Amino acid sequence: MELYGVRINTIVTDNVAVRCAGCGGVIEGRPWRVSILDAVAPEAPVSWTESAGLNPGPFEFHSDPSHVLAWMATRGALFCRRSQVREILRPVWLPTEPRRLGLCDGIHRDNHEFVEPATLVADRS
Ligand SMILES: [Zn+2]
Ligand SMILES: [Zn+2]
């Protein structure tokens with residue numbers, strides 16, 4: 001690119017491969033970004049980010065929910081089967097020992113039903 005006779009080197013991103021956090025494969029085209037964000041009010045006693053050291057993302061995936069579910073499984077997280085894999089997922093700490101992270105889209109009104117993500121991949125195939 002040239003601007004007023006001055007050559008400006010733009011950053012070429014074409015050959016920087018974006019890899020799927022679920023399967024490790026290169027993503028062609030636009031990746032599907034998923035973030036883990038808490039909806040808890042700021043005055044809540046302890047932030048989940050402080051207590052858990054969770055990386056909220058965004059994480060990038062192939063546009064297939066099974067890749068996101070596979071990624072959850074490798075992290076030991078559970079997924080609420082009343083929700084869908086969406087761009088923003090809510091973290092829910094489960095009262096288990098050791099405690100586990102559950103992810104839910106937070107849209108449904110009834111109780112969460114957290115299950116192993118692998119069981120959902122099997123169900124949907
Ligand atoms: Zn993938
Ligand atoms: Zn739920």
# chains A, B, ... in the order shown; residues from 1 in each chain; ligands from 1

call {"tool": "select_by_dssp", "arguments": {"residues": "region 77-121 of chain A", "states": "helix (DSSP H, G or I)", "output": "VMD selection string"}}
result
chain A and resid 117 to 121

call {"tool": "residues_around", "arguments": {"residues": "region 100-117 of chain A", "least_positions_apart": "4", "cutoff": "12 Å", "atoms": "only C-alpha atoms", "output": "PyMOL selection string"}}
result
chain A and resi 34-40+48+52-54+56+65-96+121-124

call {"tool": "closest_residue", "arguments": {"among": "A:Asn55, A:Val6, A:His62, A:Glu97", "to": "Pro31 (chain A)", "atoms": "only C-alpha atoms"}}
result
A:His62

call {"tool": "closest_atom_pairs", "arguments": {"of": "chain A", "to": "ligand 1", "cutoff": "6 Å", "atoms": "only C-alpha atoms and all ligand atoms", "output": "JSON lines"}}
result
{"residue": "A:Cys20", "atom": "CA", "partner": "ligand 1", "partner_atom_place_in_ligand_line": "1 (Zn)", "distance": 4.5}
{"residue": "A:Gly22", "atom": "CA", "partner": "ligand 1", "partner_atom_place_in_ligand_line": "1 (Zn)", "distance": 4.9}
{"residue": "A:Cys23", "atom": "CA", "partner": "ligand 1", "partner_atom_place_in_ligand_line": "1 (Zn)", "distance": 4.2}
{"residue": "A:Gly25", "atom": "CA", "partner": "ligand 1", "partner_atom_place_in_ligand_line": "1 (Zn)", "distance": 5.6}
{"residue": "A:Phe61", "atom": "CA", "partner": "ligand 1", "partner_atom_place_in_ligand_line": "1 (Zn)", "distance": 5.4}
{"residue": "A:His62", "atom": "CA", "partner": "ligand 1", "partner_atom_place_in_ligand_line": "1 (Zn)", "distance": 4.5}
{"residue": "A:His67", "atom": "CA", "partner": "ligand 1", "partner_atom_place_in_ligand_line": "1 (Zn)", "distance": 4.9}
